[in-house]
$ cat target.pdb   # PDB, C-alpha atoms
ATOM      1  CA  GLN U  48      -0.644  -7.781  17.717  1.00  0.00           C
ATOM      2  CA  VAL U  49       0.842  -9.616  14.772  1.00  0.00           C
ATOM      3  CA  GLN U  50       2.318  -7.833  11.798  1.00  0.00           C
ATOM      4  CA  LEU U  51       2.468  -9.571   8.434  1.00  0.00           C
ATOM      5  CA  VAL U  52       4.643  -8.482   5.527  1.00  0.00           C
ATOM      6  CA  GLU U  53       4.347 -10.154   2.136  1.00  0.00           C
ATOM      7  CA  SER U  54       6.967 -10.292  -0.591  1.00  0.00           C
ATOM      8  CA  GLY U  55       7.737 -12.206  -3.736  1.00  0.00           C
ATOM      9  CA  GLY U  56       5.086 -10.970  -6.118  1.00  0.00           C
ATOM     10  CA  GLY U  57       5.881  -9.921  -9.657  1.00  0.00           C
ATOM     11  CA  SER U  58       5.198 -10.520 -13.312  1.00  0.00           C
ATOM     12  CA  VAL U  59       5.566 -13.916 -14.928  1.00  0.00           C
ATOM     13  CA  GLN U  60       4.523 -15.600 -18.148  1.00  0.00           C
ATOM     14  CA  ALA U  61       1.839 -18.246 -18.200  1.00  0.00           C
ATOM     15  CA  GLY U  62       3.229 -21.592 -17.128  1.00  0.00           C
ATOM     16  CA  GLY U  63       5.791 -19.983 -14.880  1.00  0.00           C
ATOM     17  CA  SER U  64       6.275 -20.059 -11.123  1.00  0.00           C
ATOM     18  CA  LEU U  65       6.522 -17.640  -8.213  1.00  0.00           C
ATOM     19  CA  ARG U  66       6.998 -18.056  -4.490  1.00  0.00           C
ATOM     20  CA  LEU U  67       5.342 -15.641  -2.129  1.00  0.00           C
ATOM     21  CA  SER U  68       6.600 -15.108   1.401  1.00  0.00           C
ATOM     22  CA  CYS U  69       4.876 -13.655   4.448  1.00  0.00           C
ATOM     23  CA  LEU U  70       7.011 -12.701   7.428  1.00  0.00           C
ATOM     24  CA  ALA U  71       5.123 -12.648  10.715  1.00  0.00           C
ATOM     25  CA  SER U  72       6.317 -10.564  13.641  1.00  0.00           C
ATOM     26  CA  ALA U  73       5.610 -13.536  15.915  1.00  0.00           C
ATOM     27  CA  TRP U  74       3.978 -16.929  16.058  1.00  0.00           C
ATOM     28  CA  THR U  75       1.215 -16.726  18.659  1.00  0.00           C
ATOM     29  CA  SER U  76      -2.182 -18.245  19.276  1.00  0.00           C
ATOM     30  CA  ASN U  77      -3.383 -15.672  16.739  1.00  0.00           C
ATOM     31  CA  THR U  78      -1.389 -17.379  13.982  1.00  0.00           C
ATOM     32  CA  ARG U  79      -2.819 -20.868  14.471  1.00  0.00           C
ATOM     33  CA  CYS U  80      -4.613 -20.625  11.175  1.00  0.00           C
ATOM     34  CA  MET U  81      -2.773 -18.824   8.391  1.00  0.00           C
ATOM     35  CA  GLY U  82      -3.698 -18.436   4.796  1.00  0.00           C
ATOM     36  CA  TRP U  83      -3.336 -16.763   1.463  1.00  0.00           C
ATOM     37  CA  PHE U  84      -6.143 -14.833  -0.172  1.00  0.00           C
ATOM     38  CA  ARG U  85      -6.322 -13.048  -3.486  1.00  0.00           C
ATOM     39  CA  GLN U  86      -8.405 -10.261  -4.962  1.00  0.00           C
ATOM     40  CA  THR U  87      -8.893  -8.511  -8.287  1.00  0.00           C
ATOM     41  CA  PRO U  88     -10.858  -5.322  -9.011  1.00  0.00           C
ATOM     42  CA  GLU U  89     -13.561  -7.475 -10.608  1.00  0.00           C
ATOM     43  CA  LYS U  90     -13.874 -10.140  -7.924  1.00  0.00           C
ATOM     44  CA  GLU U  91     -14.317 -10.348  -4.200  1.00  0.00           C
ATOM     45  CA  ARG U  92     -11.405 -11.532  -2.104  1.00  0.00           C
ATOM     46  CA  GLU U  93     -11.189 -15.322  -2.173  1.00  0.00           C
ATOM     47  CA  GLY U  94      -9.337 -17.843  -0.080  1.00  0.00           C
ATOM     48  CA  VAL U  95      -6.554 -19.676  -1.890  1.00  0.00           C
ATOM     49  CA  ALA U  96      -4.952 -21.901   0.731  1.00  0.00           C
ATOM     50  CA  THR U  97      -4.672 -22.312   4.494  1.00  0.00           C
ATOM     51  CA  ILE U  98      -2.392 -24.086   6.933  1.00  0.00           C
ATOM     52  CA  ASN U  99      -3.286 -24.942  10.514  1.00  0.00           C
ATOM     53  CA  SER U 100      -1.269 -25.295  13.691  1.00  0.00           C
ATOM     54  CA  PHE U 101      -0.432 -28.895  12.772  1.00  0.00           C
ATOM     55  CA  ASP U 102       0.742 -27.767   9.324  1.00  0.00           C
ATOM     56  CA  GLU U 103      -2.203 -29.451   7.651  1.00  0.00           C
ATOM     57  CA  THR U 104      -3.086 -27.701   4.417  1.00  0.00           C
ATOM     58  CA  THR U 105      -6.286 -26.993   2.514  1.00  0.00           C
ATOM     59  CA  TYR U 106      -6.651 -25.517  -0.968  1.00  0.00           C
ATOM     60  CA  ALA U 107      -9.262 -23.910  -3.130  1.00  0.00           C
ATOM     61  CA  ASP U 108     -10.212 -26.138  -6.048  1.00  0.00           C
ATOM     62  CA  SER U 109      -8.861 -23.609  -8.516  1.00  0.00           C
ATOM     63  CA  VAL U 110      -5.280 -24.013  -7.256  1.00  0.00           C
ATOM     64  CA  LYS U 111      -5.133 -27.649  -6.144  1.00  0.00           C
ATOM     65  CA  GLY U 112      -2.142 -29.433  -7.599  1.00  0.00           C
ATOM     66  CA  ARG U 113      -0.491 -26.155  -8.596  1.00  0.00           C
ATOM     67  CA  PHE U 114      -0.011 -24.182  -5.362  1.00  0.00           C
ATOM     68  CA  THR U 115       1.639 -25.296  -2.146  1.00  0.00           C
ATOM     69  CA  ILE U 116       1.329 -23.498   1.179  1.00  0.00           C
ATOM     70  CA  SER U 117       3.937 -24.077   3.869  1.00  0.00           C
ATOM     71  CA  ARG U 118       5.519 -22.374   6.823  1.00  0.00           C
ATOM     72  CA  ASP U 119       8.911 -22.236   8.455  1.00  0.00           C
ATOM     73  CA  HIS U 120       8.424 -22.013  12.201  1.00  0.00           C
ATOM     74  CA  GLU U 121      12.015 -21.006  12.874  1.00  0.00           C
ATOM     75  CA  LYS U 122      11.777 -18.088  10.453  1.00  0.00           C
ATOM     76  CA  ASN U 123       8.171 -17.099  11.329  1.00  0.00           C
ATOM     77  CA  THR U 124       7.493 -17.179   7.609  1.00  0.00           C
ATOM     78  CA  LEU U 125       4.567 -18.409   5.559  1.00  0.00           C
ATOM     79  CA  TYR U 126       5.075 -19.366   1.914  1.00  0.00           C
ATOM     80  CA  LEU U 127       2.976 -19.926  -1.164  1.00  0.00           C
ATOM     81  CA  GLN U 128       4.698 -21.765  -3.991  1.00  0.00           C
ATOM     82  CA  MET U 129       2.749 -21.163  -7.190  1.00  0.00           C
ATOM     83  CA  ASN U 130       3.415 -23.312 -10.240  1.00  0.00           C
ATOM     84  CA  SER U 131       1.771 -23.556 -13.668  1.00  0.00           C
ATOM     85  CA  LEU U 132       0.470 -20.037 -13.333  1.00  0.00           C
ATOM     86  CA  ASN U 133      -2.190 -18.791 -15.716  1.00  0.00           C
ATOM     87  CA  ALA U 134      -3.876 -15.456 -16.385  1.00  0.00           C
ATOM     88  CA  ASP U 135      -6.683 -16.278 -13.931  1.00  0.00           C
ATOM     89  CA  ASP U 136      -4.120 -16.245 -11.129  1.00  0.00           C
ATOM     90  CA  THR U 137      -3.436 -12.540 -11.692  1.00  0.00           C
ATOM     91  CA  ALA U 138      -4.431 -10.767  -8.470  1.00  0.00           C
ATOM     92  CA  MET U 139      -3.267  -9.018  -5.350  1.00  0.00           C
ATOM     93  CA  TYR U 140      -2.280 -11.724  -2.886  1.00  0.00           C
ATOM     94  CA  TYR U 141      -2.721 -11.237   0.846  1.00  0.00           C
ATOM     95  CA  CYS U 142      -1.379 -13.155   3.795  1.00  0.00           C
ATOM     96  CA  ALA U 143      -3.707 -13.538   6.774  1.00  0.00           C
ATOM     97  CA  ALA U 144      -3.595 -14.997  10.269  1.00  0.00           C
ATOM     98  CA  GLY U 145      -6.182 -15.886  12.866  1.00  0.00           C
ATOM     99  CA  ALA U 146      -6.880 -17.903  15.968  1.00  0.00           C
ATOM    100  CA  THR U 147      -9.270 -20.378  14.365  1.00  0.00           C
ATOM    101  CA  PRO U 148      -8.642 -23.877  15.762  1.00  0.00           C
ATOM    102  CA  TRP U 149      -7.006 -26.407  13.501  1.00  0.00           C
ATOM    103  CA  THR U 150     -10.185 -28.347  12.830  1.00  0.00           C
ATOM    104  CA  ASN U 151     -11.847 -25.373  11.160  1.00  0.00           C
ATOM    105  CA  CYS U 152      -8.923 -23.763   9.380  1.00  0.00           C
ATOM    106  CA  ALA U 153      -9.832 -23.582   5.679  1.00  0.00           C
ATOM    107  CA  PRO U 154      -9.807 -21.083   2.796  1.00  0.00           C
ATOM    108  CA  THR U 155     -13.604 -21.082   2.864  1.00  0.00           C
ATOM    109  CA  LEU U 156     -13.597 -19.338   6.238  1.00  0.00           C
ATOM    110  CA  PRO U 157     -15.021 -15.811   6.177  1.00  0.00           C
ATOM    111  CA  GLN U 158     -12.450 -13.056   6.147  1.00  0.00           C
ATOM    112  CA  THR U 159     -13.635 -11.990   9.579  1.00  0.00           C
ATOM    113  CA  ALA U 160     -12.079 -15.179  10.966  1.00  0.00           C
ATOM    114  CA  PHE U 161      -8.660 -13.704  10.223  1.00  0.00           C
ATOM    115  CA  ASP U 162      -7.587 -10.935  12.573  1.00  0.00           C
ATOM    116  CA  TYR U 163      -4.376  -9.898  10.865  1.00  0.00           C
ATOM    117  CA  TRP U 164      -3.639  -9.082   7.248  1.00  0.00           C
ATOM    118  CA  GLY U 165      -0.602  -8.090   5.247  1.00  0.00           C
ATOM    119  CA  GLN U 166      -0.495  -5.211   2.814  1.00  0.00           C
ATOM    120  CA  GLY U 167      -0.610  -7.465  -0.247  1.00  0.00           C
ATOM    121  CA  THR U 168       1.744  -8.325  -3.085  1.00  0.00           C
ATOM    122  CA  GLN U 169       0.768  -8.159  -6.748  1.00  0.00           C
ATOM    123  CA  VAL U 170       1.031 -11.186  -9.023  1.00  0.00           C
ATOM    124  CA  THR U 171       0.589 -10.627 -12.751  1.00  0.00           C
ATOM    125  CA  VAL U 172       0.553 -13.516 -15.214  1.00  0.00           C
ATOM    126  CA  SER U 173       0.777 -12.725 -18.913  1.00  0.00           C
ATOM    127  CA  SER U 174      -0.399 -15.139 -21.568  1.00  0.00           C
TER     128      SER U 174
END

$ encode --input "target.pdb" --output "structure tokens"
Amino acid sequence: QVQLVESGGGSVQAGGSLRLSCLASAWTSNTRCMGWFRQTPEKEREGVATINSFDETTYADSVKGRFTISRDHEKNTLYLQMNSLNADDTAMYYCAAGATPWTNCAPTLPQTAFDYWGQGTQVTVSS
């Protein structure tokens, strides 16, 4: 079992930045592929970014060049640095982890590929 706890959400004006954190209870084979997803009441949950066991990263087109996913192995923590935020980035952000091998780790994976999820942290961007 892996527990994930997100933090760092909040309210920010358009053009601003936030950094989300996700503390994992452990790094195991079930955290080989980790990612950030987001969801609004109007839209289905979508993948934002993923990072594999070799720390290779993949991003959704909507956030490329603005968001950066990373992880600190010593702190068992996953991060999402979000810059140049706009109103379309307003959502509940979730951290997720799964055992998907590095070659297939991507934000386009179905949610069922991720076995563990955090409780979510709200990001609100005002224009």

$ resolve_selection --input "target.pdb" --expression "the PyMOL selection byres ((chain U and resi 114) around 8)" --output "list of chain:residue names"
U:Val110, U:Lys111, U:Gly112, U:Arg113, U:Thr115, U:Ile116, U:Leu127, U:Gln128, U:Met129, U:Asn130

$ residues_around --input "target.pdb" --residues "range 58-68 of chain U" --least-positions-apart "4" --cutoff "10 Å" --atoms "all atoms listed in the file" --output "PyMOL selection string"
chain U and resi 51-54+83+113-118+124-137+140-142+168-174

$ residues_around --input "target.pdb" --residues "Pro157 in chain U" --least-positions-apart "6" --cutoff "12 Å" --atoms "all atoms listed in the file" --output "VMD selection string"
chain U and resid 82 84 91 to 94 143 145 147 151

$ atom_distance --input "target.pdb" --atom1 "CA of Ala71 in chain U" --atom2 "CA of Arg85 in chain U"
18.2 Å

$ resolve_selection --input "target.pdb" --expression "the PyMOL selection byres ((chain U and resi 105) around 6)" --output "ChimeraX atom specification"
/U:96-97,104,106,153

$ closest_residue --input "target.pdb" --among "U:Ser100, U:Ala146, U:Trp164, U:Glu89" --to "His120 in chain U" --atoms "only C-alpha atoms"
U:Ser100

$ atom_distance --input "target.pdb" --atom1 "CA of Ala160 in chain U" --atom2 "CA of Cys80 in chain U"
9.2 Å

$ closest_residue --input "target.pdb" --among "U:Ala107, U:Ala138, U:Val49, U:Cys69" --to "Lys122 in chain U" --atoms "only C-alpha atoms"
U:Cys69

$ atom_distance --input "target.pdb" --atom1 "CA of Thr87 in chain U" --atom2 "CA of Ala73 in chain U"
28.7 Å

$ closest_residue --input "target.pdb" --among "U:Met139, U:Ser109, U:Pro88, U:Tyr163" --to "Gly57 in chain U" --atoms "only C-alpha atoms"
U:Met139

$ closest_residue --input "target.pdb" --among "U:Ser72, U:Pro148, U:Gly56, U:Thr159" --to "Glu121 in chain U" --atoms "only C-alpha atoms"
U:Ser72
